[in-house]
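Visitor: For reference, the file work-v3.cif (mmCIF, C-alpha atoms) is included below:
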```cif
data_work
loop_
_atom_site.group_PDB
_atom_site.id
_atom_site.type_symbol
_atom_site.label_atom_id
_atom_site.label_comp_id
_atom_site.auth_asym_id
_atom_site.auth_seq_id
_atom_site.Cartn_x
_atom_site.Cartn_y
_atom_site.Cartn_z
ATOM 1 C CA MET Y 158 -4.797 11.951 -22.745
ATOM 2 C CA SER Y 159 -2.747 14.684 -24.473
ATOM 3 C CA ARG Y 160 -0.385 16.973 -22.596
ATOM 4 C CA GLN Y 161 -2.809 19.858 -23.176
ATOM 5 C CA GLU Y 162 -5.679 17.833 -21.709
ATOM 6 C CA VAL Y 163 -3.554 16.993 -18.656
ATOM 7 C CA PHE Y 164 -2.632 20.677 -18.357
ATOM 8 C CA ASP Y 165 -6.287 21.739 -18.484
ATOM 9 C CA GLU Y 166 -7.206 19.274 -15.728
ATOM 10 C CA VAL Y 167 -4.255 20.379 -13.602
ATOM 11 C CA GLN Y 168 -5.392 23.966 -14.081
ATOM 12 C CA LYS Y 169 -8.818 23.043 -12.669
ATOM 13 C CA ILE Y 170 -7.190 21.232 -9.736
ATOM 14 C CA PHE Y 171 -5.120 24.306 -8.872
ATOM 15 C CA GLN Y 172 -8.223 26.488 -9.012
ATOM 16 C CA ALA Y 173 -10.117 24.089 -6.739
ATOM 17 C CA VAL Y 174 -7.314 23.556 -4.206
ATOM 18 C CA PHE Y 175 -6.571 27.276 -3.922
ATOM 19 C CA ASP Y 176 -10.262 28.166 -4.143
ATOM 20 C CA ASP Y 177 -9.580 30.707 -6.881
ATOM 21 C CA ASP Y 178 -11.421 30.427 -10.217
ATOM 22 C CA GLU Y 179 -9.189 33.128 -11.713
ATOM 23 C CA LEU Y 180 -5.920 31.339 -10.969
ATOM 24 C CA MET Y 181 -4.004 30.656 -14.180
ATOM 25 C CA ILE Y 182 -0.950 28.450 -14.231
ATOM 26 C CA SER Y 183 1.806 27.908 -16.793
ATOM 27 C CA ASP Y 184 4.580 25.341 -17.125
ATOM 28 C CA SER Y 185 6.946 27.643 -15.232
ATOM 29 C CA THR Y 186 4.573 28.306 -12.312
ATOM 30 C CA ASN Y 187 6.112 27.220 -9.008
ATOM 31 C CA SER Y 188 5.478 27.675 -5.307
ATOM 32 C CA ASP Y 189 7.094 31.135 -5.373
ATOM 33 C CA ASP Y 190 4.319 32.339 -7.687
ATOM 34 C CA ILE Y 191 1.344 31.287 -5.554
ATOM 35 C CA GLU Y 192 1.388 32.683 -2.048
ATOM 36 C CA ASP Y 193 -0.728 29.898 -0.538
ATOM 37 C CA TRP Y 194 1.306 27.083 -2.105
ATOM 38 C CA ASP Y 195 2.877 25.772 1.096
ATOM 39 C CA SER Y 196 3.813 22.218 2.061
ATOM 40 C CA LEU Y 197 0.275 21.306 3.159
ATOM 41 C CA GLU Y 198 -1.335 22.656 -0.005
ATOM 42 C CA HIS Y 199 1.312 20.808 -2.019
ATOM 43 C CA ILE Y 200 0.096 17.586 -0.400
ATOM 44 C CA ASN Y 201 -3.497 18.560 -1.234
ATOM 45 C CA LEU Y 202 -2.493 19.196 -4.875
ATOM 46 C CA ILE Y 203 -0.810 15.807 -5.160
ATOM 47 C CA ILE Y 204 -3.740 14.003 -3.530
ATOM 48 C CA ALA Y 205 -6.190 15.774 -5.860
ATOM 49 C CA MET Y 206 -4.105 14.782 -8.892
ATOM 50 C CA GLU Y 207 -3.879 11.165 -7.753
ATOM 51 C CA LYS Y 208 -7.675 11.100 -7.504
ATOM 52 C CA ARG Y 209 -8.335 12.875 -10.795
ATOM 53 C CA PHE Y 210 -5.870 10.842 -12.873
ATOM 54 C CA GLN Y 211 -6.308 7.645 -10.870
ATOM 55 C CA LEU Y 212 -2.604 7.105 -10.318
ATOM 56 C CA LYS Y 213 -0.220 6.860 -7.420
ATOM 57 C CA PHE Y 214 2.907 8.944 -7.054
ATOM 58 C CA ASP Y 215 6.055 7.986 -5.249
ATOM 59 C CA ILE Y 216 6.885 10.484 -2.514
ATOM 60 C CA LYS Y 217 10.438 10.778 -3.862
ATOM 61 C CA GLU Y 218 9.319 11.695 -7.376
ATOM 62 C CA VAL Y 219 6.884 14.367 -6.216
ATOM 63 C CA GLY Y 220 9.542 15.781 -3.888
ATOM 64 C CA LYS Y 221 11.770 16.529 -6.894
ATOM 65 C CA LEU Y 222 9.201 18.541 -8.869
ATOM 66 C CA LYS Y 223 10.350 22.105 -9.515
ATOM 67 C CA ASP Y 224 7.351 23.556 -11.309
ATOM 68 C CA VAL Y 225 3.986 22.831 -12.906
ATOM 69 C CA GLY Y 226 5.623 21.755 -16.172
ATOM 70 C CA GLU Y 227 7.534 18.963 -14.415
ATOM 71 C CA MET Y 228 4.348 17.983 -12.608
ATOM 72 C CA ILE Y 229 2.470 17.668 -15.900
ATOM 73 C CA ASP Y 230 5.358 15.748 -17.511
ATOM 74 C CA LEU Y 231 5.294 13.301 -14.604
ATOM 75 C CA ILE Y 232 1.529 12.798 -14.842
ATOM 76 C CA GLU Y 233 1.716 12.293 -18.598
ATOM 77 C CA ARG Y 234 4.559 9.793 -18.177
ATOM 78 C CA LYS Y 235 2.674 7.825 -15.523
ATOM 79 C CA LEU Y 236 -0.532 7.797 -17.577
ATOM 80 C CA ASN Y 237 1.397 6.257 -20.466
ATOM 81 C CA GLU Y 238 3.195 3.608 -18.375
ATOM 82 C CA MET M 393 -3.645 5.078 23.943
ATOM 83 C CA ASN M 394 -4.068 3.433 20.556
ATOM 84 C CA ARG M 395 -1.002 2.819 18.421
ATOM 85 C CA TYR M 396 -2.392 2.157 14.954
ATOM 86 C CA THR M 397 0.142 2.096 12.154
ATOM 87 C CA TYR M 398 -0.777 3.372 8.692
ATOM 88 C CA ASP M 399 -1.192 -0.178 7.388
ATOM 89 C CA GLU M 400 -3.529 -1.109 10.230
ATOM 90 C CA ILE M 401 -5.901 1.757 9.475
ATOM 91 C CA GLU M 402 -8.804 0.947 7.178
ATOM 92 C CA VAL M 403 -11.379 3.202 5.573
ATOM 93 C CA GLY M 404 -14.550 2.953 7.660
ATOM 94 C CA MET M 405 -12.751 2.447 10.994
ATOM 95 C CA ARG M 406 -14.361 4.332 13.870
ATOM 96 C CA GLU M 407 -13.330 5.378 17.352
ATOM 97 C CA THR M 408 -15.490 7.004 20.018
ATOM 98 C CA PHE M 409 -15.007 8.443 23.486
ATOM 99 C CA THR M 410 -17.061 10.527 25.900
ATOM 100 C CA VAL M 411 -16.117 13.467 28.069
ATOM 101 C CA VAL M 412 -17.971 15.760 30.463
ATOM 102 C CA VAL M 413 -17.110 19.455 30.192
ATOM 103 C CA LYS M 414 -16.398 20.807 33.662
ATOM 104 C CA GLU M 415 -16.281 24.330 35.058
ATOM 105 C CA GLU M 416 -12.544 23.968 35.709
ATOM 106 C CA ASP M 417 -11.954 23.033 32.061
ATOM 107 C CA GLN M 418 -13.634 26.270 30.995
ATOM 108 C CA THR M 419 -11.597 28.251 33.552
ATOM 109 C CA ALA M 420 -8.345 26.602 32.450
ATOM 110 C CA PHE M 421 -9.115 27.280 28.790
ATOM 111 C CA ARG M 422 -9.822 30.952 29.587
ATOM 112 C CA ARG M 423 -6.545 31.216 31.489
ATOM 113 C CA ILE M 424 -4.517 29.552 28.707
ATOM 114 C CA THR M 425 -6.029 31.549 25.846
ATOM 115 C CA GLY M 426 -6.834 34.842 27.542
ATOM 116 C CA ASP M 427 -10.257 34.820 25.894
ATOM 117 C CA GLU M 428 -12.296 36.802 28.420
ATOM 118 C CA ASN M 429 -15.422 37.112 26.308
ATOM 119 C CA PRO M 430 -18.431 37.342 28.684
ATOM 120 C CA LEU M 431 -20.470 34.832 26.693
ATOM 121 C CA HIS M 432 -18.151 32.184 28.140
ATOM 122 C CA ARG M 433 -17.804 33.724 31.612
ATOM 123 C CA GLU M 434 -21.103 35.268 32.711
ATOM 124 C CA ASP M 435 -24.406 33.398 32.874
ATOM 125 C CA ALA M 436 -26.370 36.677 33.010
ATOM 126 C CA PHE M 437 -24.746 37.986 29.839
ATOM 127 C CA ALA M 438 -25.280 34.684 28.040
ATOM 128 C CA ARG M 439 -28.965 34.542 29.079
ATOM 129 C CA GLU M 440 -29.468 38.099 27.915
ATOM 130 C CA LYS M 441 -28.193 36.944 24.524
ATOM 131 C CA GLY M 442 -30.629 34.046 24.425
ATOM 132 C CA TYR M 443 -28.509 31.168 25.738
ATOM 133 C CA ARG M 444 -29.403 28.902 28.658
ATOM 134 C CA ASP M 445 -26.150 29.598 30.552
ATOM 135 C CA LYS M 446 -22.631 30.655 29.728
ATOM 136 C CA VAL M 447 -21.476 28.857 26.620
ATOM 137 C CA VAL M 448 -18.465 26.532 26.509
ATOM 138 C CA PHE M 449 -15.755 27.880 24.228
ATOM 139 C CA GLY M 450 -16.152 26.379 20.769
ATOM 140 C CA MET M 451 -12.412 25.893 20.637
ATOM 141 C CA LEU M 452 -12.526 23.977 23.922
ATOM 142 C CA THR M 453 -15.073 21.634 22.350
ATOM 143 C CA ALA M 454 -12.847 21.448 19.256
ATOM 144 C CA SER M 455 -9.853 20.568 21.409
ATOM 145 C CA TYR M 456 -11.373 17.094 21.762
ATOM 146 C CA TYR M 457 -10.619 16.602 18.065
ATOM 147 C CA SER M 458 -6.996 16.692 19.159
ATOM 148 C CA THR M 459 -7.733 13.931 21.669
ATOM 149 C CA LEU M 460 -9.581 11.940 19.027
ATOM 150 C CA ALA M 461 -6.556 11.940 16.746
ATOM 151 C CA GLY M 462 -3.781 11.894 19.325
ATOM 152 C CA VAL M 463 -5.175 9.199 21.585
ATOM 153 C CA TYR M 464 -7.729 7.188 19.604
ATOM 154 C CA LEU M 465 -7.456 7.407 15.828
ATOM 155 C CA PRO M 466 -4.652 6.755 15.008
ATOM 156 C CA GLY M 467 -3.338 7.493 18.506
ATOM 157 C CA GLU M 468 0.372 7.607 19.246
ATOM 158 C CA ARG M 469 1.519 8.143 15.638
ATOM 159 C CA SER M 470 -0.825 11.080 14.957
ATOM 160 C CA LEU M 471 0.221 14.368 13.399
ATOM 161 C CA ILE M 472 -2.725 16.648 12.630
ATOM 162 C CA HIS M 473 -2.190 18.485 9.329
ATOM 163 C CA SER M 474 -5.475 20.341 9.078
ATOM 164 C CA LEU M 475 -8.868 20.662 10.665
ATOM 165 C CA ASP M 476 -12.031 22.256 9.326
ATOM 166 C CA ALA M 477 -14.468 22.524 12.212
ATOM 167 C CA LYS M 478 -18.024 23.814 12.469
ATOM 168 C CA PHE M 479 -19.905 24.694 15.644
ATOM 169 C CA LEU M 480 -23.544 23.803 15.236
ATOM 170 C CA LYS M 481 -25.103 24.152 18.690
ATOM 171 C CA PRO M 482 -24.031 25.641 22.022
ATOM 172 C CA VAL M 483 -22.327 23.418 24.584
ATOM 173 C CA TYR M 484 -22.855 24.054 28.302
ATOM 174 C CA ILE M 485 -20.884 23.196 31.433
ATOM 175 C CA GLY M 486 -21.841 19.684 32.554
ATOM 176 C CA ASP M 487 -22.733 18.468 29.058
ATOM 177 C CA GLN M 488 -21.556 14.968 28.283
ATOM 178 C CA LEU M 489 -20.025 14.982 24.823
ATOM 179 C CA THR M 490 -19.541 11.960 22.625
ATOM 180 C CA VAL M 491 -16.723 12.401 20.141
ATOM 181 C CA GLU M 492 -16.673 10.066 17.158
ATOM 182 C CA GLY M 493 -14.287 9.841 14.237
ATOM 183 C CA LYS M 494 -14.543 7.754 11.095
ATOM 184 C CA VAL M 495 -11.776 7.221 8.556
ATOM 185 C CA THR M 496 -13.054 8.240 5.118
ATOM 186 C CA GLU M 497 -9.849 8.211 3.051
ATOM 187 C CA LYS M 498 -6.259 7.022 3.086
ATOM 188 C CA ASN M 499 -3.409 8.385 1.009
ATOM 189 C CA ASP M 500 -0.526 5.968 0.521
ATOM 190 C CA THR M 501 1.886 8.559 -0.894
ATOM 191 C CA TYR M 502 1.935 10.700 2.234
ATOM 192 C CA HIS M 503 0.555 8.202 4.786
ATOM 193 C CA LEU M 504 -2.313 10.561 5.466
ATOM 194 C CA ILE M 505 -5.797 9.716 6.619
ATOM 195 C CA ARG M 506 -8.928 11.803 6.440
ATOM 196 C CA ILE M 507 -11.403 11.635 9.292
ATOM 197 C CA LYS M 508 -14.946 12.885 9.488
ATOM 198 C CA ALA M 509 -15.566 13.673 13.128
ATOM 199 C CA VAL M 510 -18.728 14.613 15.009
ATOM 200 C CA ILE M 511 -19.385 15.662 18.580
ATOM 201 C CA ARG M 512 -22.851 15.075 20.064
ATOM 202 C CA ASN M 513 -24.273 16.222 23.383
ATOM 203 C CA GLY M 514 -26.150 14.023 25.867
ATOM 204 C CA GLN M 515 -29.383 14.514 23.908
ATOM 205 C CA GLY M 516 -27.712 13.147 20.807
ATOM 206 C CA GLU M 517 -27.663 16.545 19.109
ATOM 207 C CA LYS M 518 -24.700 17.256 16.838
ATOM 208 C CA VAL M 519 -22.894 20.220 18.414
ATOM 209 C CA SER M 520 -19.837 20.216 16.154
ATOM 210 C CA LYS M 521 -18.434 18.459 13.134
ATOM 211 C CA ALA M 522 -15.010 18.458 11.567
ATOM 212 C CA ASP M 523 -13.062 17.254 8.602
ATOM 213 C CA MET M 524 -9.526 16.308 9.652
ATOM 214 C CA GLN M 525 -6.410 15.428 7.718
ATOM 215 C CA ILE M 526 -3.950 13.495 9.838
ATOM 216 C CA GLY M 527 -0.491 12.258 9.048
ATOM 217 C CA ILE M 528 0.653 8.944 10.518
ATOM 218 C CA ILE M 529 4.286 9.276 11.531
#
```
Can I see the file as structure tokens?
Guide:
Amino acid sequence: MSRQEVFDEVQKIFQAVFDDDELMISDSTNSDDIEDWDSLEHINLIIAMEKRFQLKFDIKEVGKLKDVGEMIDLIERKLNE
Amino acid sequence: MNRYTYDEIEVGMRETFTVVVKEEDQTAFRRITGDENPLHREDAFAREKGYRDKVVFGMLTASYYSTLAGVYLPGERSLIHSLDAKFLKPVYIGDQLTVEGKVTEKNDTYHLIRIKAVIRNGQGEKVSKADMQIGII
């Protein structure tokens, strides 16, 4: 799966979790940019990504993520492990 | 009280308990919340609106979801993260409610479980249902 394909899937996950079909993300999007992105929704994002990409994160690695770009890099790295 | 750890929980596990809603429960709930709505206080008002008697607060019924998680599934290690509840039929004072929860998902990263819960009255009618996300601490 290419980085762009991962990005497109992550985009859909964000739209589903935040129930907003118009929500557009970029690599620099972080929790300051989305009002509803609190700690519980962060958990819901991670769970949705684990399901979609059929992988398991380590709680320490997801705790370090600063923005969407790092999230996508991590997913891409894990998919290629 | 149950004391299930995350590892002991399995998808498909169920827990059930029953409770009878009493007049004093309704009164206590009204006192705690300050919800003085007549639908929950006056039989005459409730009947005028088409109900058999005054209706038990939906949130009082939903409070048994707290008991389900905090005492039964998983019990002691419960931390409720979220709850999406629906109220399907009225509950009346004296109704015996059966509360049942079933584990539908586990998440190893966050040690979270998802529970589908239902509450039925003495006639077996579903009066409420909920989707719960519970952390196991």
Visitor: Restricting the calculation to all atoms listed in the file: of M:Asn394, M:Ser520, M:Ser474, M:Gln515, which residue gets closest to chain Y?
Guide: M:Ser474
Visitor: Within 9 Å of segment 441-444 of chain M, counting only C-alpha atoms, which residues qualify if same-chain residues fewer than 4 places away don't, as a ChimeraX atom specification?
Guide: /M:431,435-437,482,484
Visitor: Which one is closest to Ile232 of chain Y: Y:Gly220, Y:Glu179, Y:Gln168, Y:Lys213? Count all atoms listed in the file.
Guide: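 Checking each of Y:Gly220, Y:Glu179, Y:Gln168, Y:Lys213 against Ile232 of chain Y, counting all atoms listed in the file, the winner is Y:Lys213.
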Visitor: Run through the PyMOL selection byres ((chain M) within 10 of (chain Y)) on the given coordinates and return the selected residues as JSON, numbers by chain.
Guide: {"M": [473, 474, 498, 499, 500, 501, 502, 503, 504, 525]}
Visitor: Name every residue that the PyMOL selection byres ((chain M and resi 415-419) around 8) selects in this structure, writing the answer as an MDAnalysis selection string with chains first and numbers rising.
Guide: chainID M and resid 413:414 420:423 432 448:449 452 485:486
Visitor: When the PyMOL selection byres ((chain M and resi 489) around 10) is applied to the file above, which residues end up in the set, as a list in words?
Guide: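 Evaluating the PyMOL selection byres ((chain M and resi 489) around 10) on these coordinates yields Phe409, Thr410, Val411, Val412, Val413, Thr453, Tyr456, Val483, Gly486, Asp487, Gln488, Thr490, Val491, Glu492, Val510, Ile511, Arg512, Asn513, Gly514, Gln515, Gly516, Glu517, Lys518 and Val519 of chain M.
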Visitor: Could you list, as an MDAnalysis selection string, every residue within 9 Å of Thr186 of chain Y, counting only C-alpha atoms and ignoring same-chain residues fewer than 4 positions away?
Guide: chainID Y and resid 182 190:191 223:226
Visitor: Just C-alpha atoms for this one: save the residues we selected as a short mmCIF file (atom, residue, chain, number, x, y, z; two decimals), in the frame of the given file.
Guide:
```cif
data_model
loop_
_atom_site.label_atom_id
_atom_site.label_comp_id
_atom_site.auth_asym_id
_atom_site.auth_seq_id
_atom_site.Cartn_x
_atom_site.Cartn_y
_atom_site.Cartn_z
CA ILE Y 182 -0.95 28.45 -14.23
CA ASP Y 190 4.32 32.34 -7.69
CA ILE Y 191 1.34 31.29 -5.55
CA LYS Y 223 10.35 22.10 -9.52
CA ASP Y 224 7.35 23.56 -11.31
CA VAL Y 225 3.99 22.83 -12.91
CA GLY Y 226 5.62 21.76 -16.17
#
```
Visitor: Atom CA of Val463 of chain M and atom CA of Val447 of chain M, how far apart in Å?
Guide: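 Here the two named atoms are 26.0 Å from each other.
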Visitor: So that all listed atoms of segment 394-408 of chain M fit with 5 Å spare on each side, what axis-aligned box centre and edge lengths in Å, to one decimal, would you give as JSON?
Guide:
```
{"center_x": -7.7, "center_y": 2.9, "center_z": 13.1, "size_x": 25.6, "size_y": 18.1, "size_z": 25.0}
```
Visitor: Go ahead and compute the interatomic distance for atom CA of Ala454 of chain M and atom CA of Met524 of chain M, in Å to one decimal.
Guide: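 Calculated distance between atom CA of Ala454 of chain M and atom CA of Met524 of chain M is 11.4 Å.
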Visitor: For atom CA of Asp176 of chain Y and atom CA of Ser188 of chain Y, quote the distance in Å rounded to one decimal.
Guide: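 Spanning atom CA of Asp176 of chain Y to atom CA of Ser188 of chain Y is a straight-line distance of 15.8 Å.
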Visitor: With only C-alpha atoms as the basis for distance, which of M:Val495, M:Arg469, M:Ala522, M:Gly426 is at the shortest distance from Met393 of chain M?
Guide: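 Of M:Val495, M:Arg469, M:Ala522, M:Gly426, the one nearest Met393 of chain M is M:Arg469, counting only C-alpha atoms.
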Visitor: Show me, as a list in words, the residues that have an atom within 12 Å of Lys494 of chain M when counting only C-alpha atoms, minus same-chain residues fewer than 5 positions from it.
Guide: Ile401, Glu402, Val403, Gly404, Met405, Arg406, Glu407, Thr408, Tyr457, Leu460, Ala461, Tyr464, Leu465, Pro466, Ile505, Arg506, Ile507, Lys508, Ala509, Val510, Ile511, Lys521, Ala522, Asp523, Met524 and Gln525 of chain M
Visitor: Excluding Glu227 of chain Y and residues on its chain fewer than 5 positions from it, collect all residues at most 9 Å away from it, counting all atoms listed in the file, and give them as a list in words.
Guide: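 Here the qualifying residues turn out to be Asp184, Ser185, Lys221, Leu222 and Ile232 of chain Y.
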Visitor: With all atoms listed in the file counted, which protein, DNA or RNA residues have an atom no more than 7 Å from (0.8, 16.8, -13.5) in the file frame? Please answer as a ChimeraX atom specification.
Guide: /Y:163,167,225,228-233
Visitor: When you count only C-alpha atoms, which of these residues is closest to Glu166 of chain Y: Y:Asn187, Y:Asp178, Y:Arg209, Y:Trp194?
Guide: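 Among the listed residues, Y:Arg209 lies closest to Glu166 of chain Y.
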